[in-house]
Amino acid sequence: MDVALAKAWLDTAADAIAAQADQLTTLDAAIGDSDHGVNMNRGFGAVRTALAGAAPGGVGAVFTLAGSTLVSKVGGASGPLYGSALRALGKSLPEGPEVDAAAFGAGLRAGLDALRKLGGAAPGDKTIVDAYLPAVDAYDAALRQHGGDGDGGLAAAARAAAQAAAEGMRATVPLQARKGRASYLGERSIGHQDPGATSTWLIFQALADAAAP
Amino acid sequence: MKKFINHPDAVVREALVGLAAAHPDLRVDLEQQIVVSADAPRAGKVGLISGGGSGHEPMHAGFVGLGMLDAACPGEVFTSPVPDQILAAAKAVDGGAGVVHIVKNYTGDVMNFQMAAELSGDEGIEVQSVLVDDDVAVEDSTWTAGRRGTGATMLVEKIAGARAEEGADAATVAALGTRVNEASASFAIALSPCTTPAAGRPGFELGEDEMEVGVGIHGEPGRRREKLRPAREIATMTLEAILAAKPVAAGEDAIVLMNGLGATPLIELYLLYGEFAGLLESAGVRIARCLVGNYVTSLDMAGMSLTVCRADPELLRLWDAPVRTPALRWGV
């Protein structure tokens, strides 16, 4: 993972979120307040602008800047949650223009830890965590299985992460929400896919797409 | 969607332009997206800051002024403000005595105000917080994000604002705000969904003969859907839910807020208030003070919320204290 790939990932994620913004908002309308697509699109658009105007020298700095931008521009719960995750990822990485796939994986997990500390959600609460946690587990498993040398290792691990995120996202449908605004609906939240888990899948899919050889 | 707007993305900003034009005694900072009382900061006075998603007008910017808030931080529609805004508000109103955050209990609001409190602390500004969670339609359990902050927010802002005006320190003001929240319960019912400018379509569909019971103030669906019933039966059900959660004994005083959610005409709010007043009188509860109107709204949602706050002489004295804001003004 180098600076170019880090930026390409966030750019690809911004494209995917822009393309799916209406879909995210529709999911949020069912069990929330109809703004997830709008907020994510505003936030990742701002990340794109921030990265275009800055020239971070290290991979970590790219993610720290992206995270700070999300915290400053988005509001709601998704801004602090995704922003804190990206900041923690950025801060956990060793300095330099390139990090290996194992360090990046550890960074993804540091991001998950920061997000869980802030949001307090456990697996099964019908949140971002239900896509993010299986994604980092799958990433680590793929690295262990195939080795992490070169971009080939990262690409395979990212593919596994995206697939696990998709499965985690779909598995939120039958869950009853216990965190966030959907929790106010009680049993009425059952049967709807979680918007946060969906945007998390988009972000991991963007990583797989950007890292694909 | 039919709305008086130019572009969905510009609604919050352009409404602030209008707010500034209408109320020269407010300082509206479009860059930081904050609304500040013209005479802030006042040396030695605790600064009261609230904020939240836009779409609940007149809350919160309409409550900035003498005897109430020193600053409001409006976020995007139904989206909490960001930490930078809240920090900018703290710097604008801190007169050396610190600030009090009045935060409605939503996941995003709590996170952003918490982050802002840490940033303000780094700048040497003392921050105390009041968390408002008065909506008894939501069960307060480990299985939800907890009860929502709704109508009682206005009561907390009025009463805590009056205490800050008297010169109390930040911890005292915050403790009083918490006491008002604990004494208050709210319950809301919607007759129609609302439409955010960005989404362009209603958050849910509701049949001609249906009502959404236990609804929040963000266009999210309520706890359950029922057939519409006469106002008297709706009032009875609403008050039962409130008094079951936060009882007010016969002979005790109450402050009552009969609140419209945006698209319900006053004639219906007064009709409902008549029902509530009769029911409370039957229960022996004395309505010491009341307000009827649109104070904590949910865009163009048709619906109402009732807030009942069990009051004592201190709360009533502070409620009666002078207030001069765009939406609430008496005694001045």
# chains A, B, ... in the order shown; residues from 1 in each chain; ligands from 1
call {"tool": "closest_atom_pairs", "arguments": {"of": "chain B", "to": "chain A", "cutoff": "6 Å", "atoms": "only C-alpha atoms", "output": "Markdown table"}}
result
| residue | atom | partner | partner_atom | distance |
| --- | --- | --- | --- | --- |
| B:Thr79 | CA | A:Gly76 | CA | 4.7 |
| B:Ser80 | CA | A:Gly76 | CA | 4.6 |
| B:Pro81 | CA | A:Gly75 | CA | 5.2 |
| B:Val82 | CA | A:Gly75 | CA | 4.6 |
| B:Thr107 | CA | A:Gly180 | CA | 5.6 |
| B:Gly108 | CA | A:Ala77 | CA | 3.7 |
| B:Val138 | CA | A:Tyr184 | CA | 5.9 |
| B:Trp143 | CA | A:Arg178 | CA | 4.7 |
| B:Thr144 | CA | A:Arg178 | CA | 4.6 |
| B:Ala145 | CA | A:Lys179 | CA | 4.9 |
| B:Gly203 | CA | A:Ala29 | CA | 4.9 |
| B:His218 | CA | A:Asp33 | CA | 5.6 |
| B:Gly219 | CA | A:Asp33 | CA | 5.8 |
| B:Glu220 | CA | A:Asp33 | CA | 5.1 |
| B:Arg223 | CA | A:Leu185 | CA | 5.3 |
call {"tool": "write_last_selection", "arguments": {"atoms": "N, CA and C atoms", "output": "mmCIF file, in the first residue's frame"}}
result
data_model
loop_
_atom_site.group_PDB
_atom_site.id
_atom_site.type_symbol
_atom_site.label_atom_id
_atom_site.label_comp_id
_atom_site.auth_asym_id
_atom_site.auth_seq_id
_atom_site.Cartn_x
_atom_site.Cartn_y
_atom_site.Cartn_z
ATOM 1 N N THR B 79 -29.053 16.478 10.818
ATOM 2 C CA THR B 79 -27.699 15.965 11.011
ATOM 3 C C THR B 79 -27.006 16.838 12.050
ATOM 4 N N SER B 80 -26.427 16.211 13.062
ATOM 5 C CA SER B 80 -25.833 16.986 14.139
ATOM 6 C C SER B 80 -24.718 17.885 13.604
ATOM 7 N N PRO B 81 -24.432 18.980 14.333
ATOM 8 C CA PRO B 81 -23.318 19.840 13.930
ATOM 9 C C PRO B 81 -21.992 19.100 14.086
ATOM 10 N N VAL B 82 -20.928 19.667 13.504
ATOM 11 C CA VAL B 82 -19.604 19.055 13.601
ATOM 12 C C VAL B 82 -18.843 19.696 14.765
ATOM 13 N N THR B 107 -27.179 9.504 18.818
ATOM 14 C CA THR B 107 -25.816 8.996 18.695
ATOM 15 C C THR B 107 -24.868 10.049 18.127
ATOM 16 N N GLY B 108 -25.267 10.664 17.011
ATOM 17 C CA GLY B 108 -24.391 11.636 16.354
ATOM 18 C C GLY B 108 -24.182 12.892 17.188
ATOM 19 N N VAL B 138 -39.667 5.831 23.526
ATOM 20 C CA VAL B 138 -38.565 4.882 23.368
ATOM 21 C C VAL B 138 -38.249 4.264 24.714
ATOM 22 N N TRP B 143 -30.974 -2.104 24.931
ATOM 23 C CA TRP B 143 -31.285 -2.566 23.581
ATOM 24 C C TRP B 143 -31.578 -1.425 22.626
ATOM 25 N N THR B 144 -31.492 -0.193 23.085
ATOM 26 C CA THR B 144 -31.665 0.939 22.183
ATOM 27 C C THR B 144 -30.577 1.955 22.474
ATOM 28 N N ALA B 145 -30.542 3.011 21.635
ATOM 29 C CA ALA B 145 -29.616 4.115 21.882
ATOM 30 C C ALA B 145 -30.118 4.987 23.030
ATOM 31 N N GLY B 203 -40.088 10.291 4.400
ATOM 32 C CA GLY B 203 -39.362 9.195 5.027
ATOM 33 C C GLY B 203 -40.185 7.927 5.138
ATOM 34 N N HIS B 218 -37.309 13.435 13.531
ATOM 35 C CA HIS B 218 -36.434 13.385 12.363
ATOM 36 C C HIS B 218 -37.052 12.647 11.203
ATOM 37 N N GLY B 219 -38.375 12.533 11.205
ATOM 38 C CA GLY B 219 -39.031 11.874 10.093
ATOM 39 C C GLY B 219 -38.871 10.365 10.103
ATOM 40 N N GLU B 220 -38.230 9.819 11.141
ATOM 41 C CA GLU B 220 -38.135 8.372 11.221
ATOM 42 C C GLU B 220 -39.501 7.821 11.643
ATOM 43 N N ARG B 223 -42.951 4.136 16.895
ATOM 44 C CA ARG B 223 -42.909 2.814 17.517
ATOM 45 C C ARG B 223 -43.935 1.887 16.893
#
call {"tool": "select_by_dssp", "arguments": {"residues": "range 35-117 of chain B", "states": "strand (DSSP E)", "output": "PyMOL selection string"}}
result
chain B and resi 35-37+47-54+71-77+99-104
call {"tool": "write_last_selection", "arguments": {"atoms": "C-alpha atoms", "output": "PDB file, in the first residue's frame"}}
result
ATOM      1  CA  VAL B  35     -25.666  31.801  15.740  1.00  0.00           C
ATOM      2  CA  VAL B  36     -24.417  33.856  18.673  1.00  0.00           C
ATOM      3  CA  SER B  37     -26.096  36.333  21.009  1.00  0.00           C
ATOM      4  CA  GLY B  47     -22.182  30.398  28.084  1.00  0.00           C
ATOM      5  CA  LEU B  48     -25.058  28.115  27.083  1.00  0.00           C
ATOM      6  CA  ILE B  49     -24.552  26.297  23.794  1.00  0.00           C
ATOM      7  CA  SER B  50     -26.956  23.999  22.068  1.00  0.00           C
ATOM      8  CA  GLY B  51     -27.229  22.663  18.579  1.00  0.00           C
ATOM      9  CA  GLY B  52     -28.430  19.838  16.487  1.00  0.00           C
ATOM     10  CA  GLY B  53     -29.687  19.097  13.046  1.00  0.00           C
ATOM     11  CA  SER B  54     -31.632  21.823  11.291  1.00  0.00           C
ATOM     12  CA  ALA B  71     -25.084  30.247  20.911  1.00  0.00           C
ATOM     13  CA  ALA B  72     -26.669  27.677  18.626  1.00  0.00           C
ATOM     14  CA  CYS B  73     -24.899  25.363  16.191  1.00  0.00           C
ATOM     15  CA  PRO B  74     -27.237  24.332  13.391  1.00  0.00           C
ATOM     16  CA  GLY B  75     -26.132  21.248  11.485  1.00  0.00           C
ATOM     17  CA  GLU B  76     -27.373  20.106   8.112  1.00  0.00           C
ATOM     18  CA  VAL B  77     -31.034  19.058   8.088  1.00  0.00           C
ATOM     19  CA  VAL B  99     -19.766  26.764  28.815  1.00  0.00           C
ATOM     20  CA  VAL B 100     -22.628  24.318  29.177  1.00  0.00           C
ATOM     21  CA  HIS B 101     -23.546  22.046  26.266  1.00  0.00           C
ATOM     22  CA  ILE B 102     -27.222  21.142  25.987  1.00  0.00           C
ATOM     23  CA  VAL B 103     -27.257  17.955  23.924  1.00  0.00           C
ATOM     24  CA  LYS B 104     -30.201  15.938  22.683  1.00  0.00           C
TER      25      LYS B 104
END
call {"tool": "closest_residue", "arguments": {"among": "A:Ala18, A:Ala131, A:Ala211, A:Leu86", "to": "Ala61 in chain A", "atoms": "only C-alpha atoms"}}
result
A:Leu86
call {"tool": "select_by_dssp", "arguments": {"residues": "range 17-214 of chain B", "states": "helix (DSSP H, G or I)", "output": "ChimeraX atom specification"}}
result
/B:17-22,61-63,83-93,107-122,152-165,170-182
call {"tool": "residues_around", "arguments": {"residues": "Glu98 in chain A", "least_positions_apart": "3", "cutoff": "8 Å", "atoms": "only C-alpha atoms", "output": "list in words"}}
result
Met1, Asp2, Val3, Gly58 and Val59 of chain A
call {"tool": "residues_around", "arguments": {"residues": "Arg232 in chain B", "least_positions_apart": "3", "cutoff": "12 Å", "atoms": "only C-alpha atoms", "output": "list of chain:residue names"}}
result
B:Leu228, B:Arg229, B:Ala235, B:Thr236, B:Met237, B:Thr238, B:Leu239, B:Glu268, B:Leu271, B:Leu272, B:Tyr273, B:Gly274, B:Glu275, B:Phe276, B:Ala277, B:Gly278, B:Leu279
call {"tool": "write_last_selection", "arguments": {"atoms": "N, CA and C atoms", "output": "PDB file, in the first residue's frame"}}
result
ATOM      1  N   LEU B 228     -56.294   6.097  12.918  1.00  0.00           N
ATOM      2  CA  LEU B 228     -56.550   7.410  13.500  1.00  0.00           C
ATOM      3  C   LEU B 228     -57.800   7.354  14.364  1.00  0.00           C
ATOM      4  N   ARG B 229     -57.728   8.056  15.517  1.00  0.00           N
ATOM      5  CA  ARG B 229     -58.867   8.056  16.428  1.00  0.00           C
ATOM      6  C   ARG B 229     -59.225   9.499  16.779  1.00  0.00           C
ATOM      7  N   ALA B 235     -55.414  12.011  23.021  1.00  0.00           N
ATOM      8  CA  ALA B 235     -54.902  12.755  24.178  1.00  0.00           C
ATOM      9  C   ALA B 235     -54.804  11.841  25.395  1.00  0.00           C
ATOM     10  N   THR B 236     -55.812  11.018  25.593  1.00  0.00           N
ATOM     11  CA  THR B 236     -55.815  10.115  26.751  1.00  0.00           C
ATOM     12  C   THR B 236     -54.637   9.146  26.673  1.00  0.00           C
ATOM     13  N   MET B 237     -54.456   8.555  25.475  1.00  0.00           N
ATOM     14  CA  MET B 237     -53.355   7.612  25.291  1.00  0.00           C
ATOM     15  C   MET B 237     -51.994   8.288  25.506  1.00  0.00           C
ATOM     16  N   THR B 238     -51.850   9.496  24.978  1.00  0.00           N
ATOM     17  CA  THR B 238     -50.582  10.228  25.083  1.00  0.00           C
ATOM     18  C   THR B 238     -50.253  10.554  26.542  1.00  0.00           C
ATOM     19  N   LEU B 239     -51.248  11.089  27.244  1.00  0.00           N
ATOM     20  CA  LEU B 239     -50.991  11.493  28.627  1.00  0.00           C
ATOM     21  C   LEU B 239     -50.736  10.281  29.521  1.00  0.00           C
ATOM     22  N   GLU B 268     -55.884  23.005  15.770  1.00  0.00           N
ATOM     23  CA  GLU B 268     -55.861  21.619  16.259  1.00  0.00           C
ATOM     24  C   GLU B 268     -55.045  21.503  17.541  1.00  0.00           C
ATOM     25  N   LEU B 271     -57.247  22.693  20.256  1.00  0.00           N
ATOM     26  CA  LEU B 271     -58.259  21.661  20.534  1.00  0.00           C
ATOM     27  C   LEU B 271     -57.647  20.568  21.413  1.00  0.00           C
ATOM     28  N   LEU B 272     -56.448  20.112  21.022  1.00  0.00           N
ATOM     29  CA  LEU B 272     -55.768  19.075  21.794  1.00  0.00           C
ATOM     30  C   LEU B 272     -55.428  19.571  23.195  1.00  0.00           C
ATOM     31  N   TYR B 273     -54.948  20.818  23.262  1.00  0.00           N
ATOM     32  CA  TYR B 273     -54.573  21.342  24.569  1.00  0.00           C
ATOM     33  C   TYR B 273     -55.774  21.339  25.514  1.00  0.00           C
ATOM     34  N   GLY B 274     -56.952  21.660  24.944  1.00  0.00           N
ATOM     35  CA  GLY B 274     -58.171  21.614  25.757  1.00  0.00           C
ATOM     36  C   GLY B 274     -58.398  20.225  26.341  1.00  0.00           C
ATOM     37  N   GLU B 275     -58.150  19.223  25.530  1.00  0.00           N
ATOM     38  CA  GLU B 275     -58.310  17.841  26.010  1.00  0.00           C
ATOM     39  C   GLU B 275     -57.289  17.528  27.118  1.00  0.00           C
ATOM     40  N   PHE B 276     -56.038  17.907  26.876  1.00  0.00           N
ATOM     41  CA  PHE B 276     -54.996  17.635  27.873  1.00  0.00           C
ATOM     42  C   PHE B 276     -55.272  18.383  29.180  1.00  0.00           C
ATOM     43  N   ALA B 277     -55.704  19.640  29.040  1.00  0.00           N
ATOM     44  CA  ALA B 277     -55.962  20.439  30.249  1.00  0.00           C
ATOM     45  C   ALA B 277     -57.052  19.790  31.082  1.00  0.00           C
ATOM     46  N   GLY B 278     -58.114  19.296  30.395  1.00  0.00           N
ATOM     47  CA  GLY B 278     -59.193  18.633  31.119  1.00  0.00           C
ATOM     48  C   GLY B 278     -58.716  17.375  31.811  1.00  0.00           C
ATOM     49  N   LEU B 279     -57.906  16.589  31.100  1.00  0.00           N
ATOM     50  CA  LEU B 279     -57.408  15.333  31.669  1.00  0.00           C
ATOM     51  C   LEU B 279     -56.494  15.593  32.871  1.00  0.00           C
TER      52      LEU B 279
END
call {"tool": "atom_distance", "arguments": {"atom1": "CA of Pro247 in chain B", "atom2": "CA of Gly293 in chain B"}}
result
24.0 Å
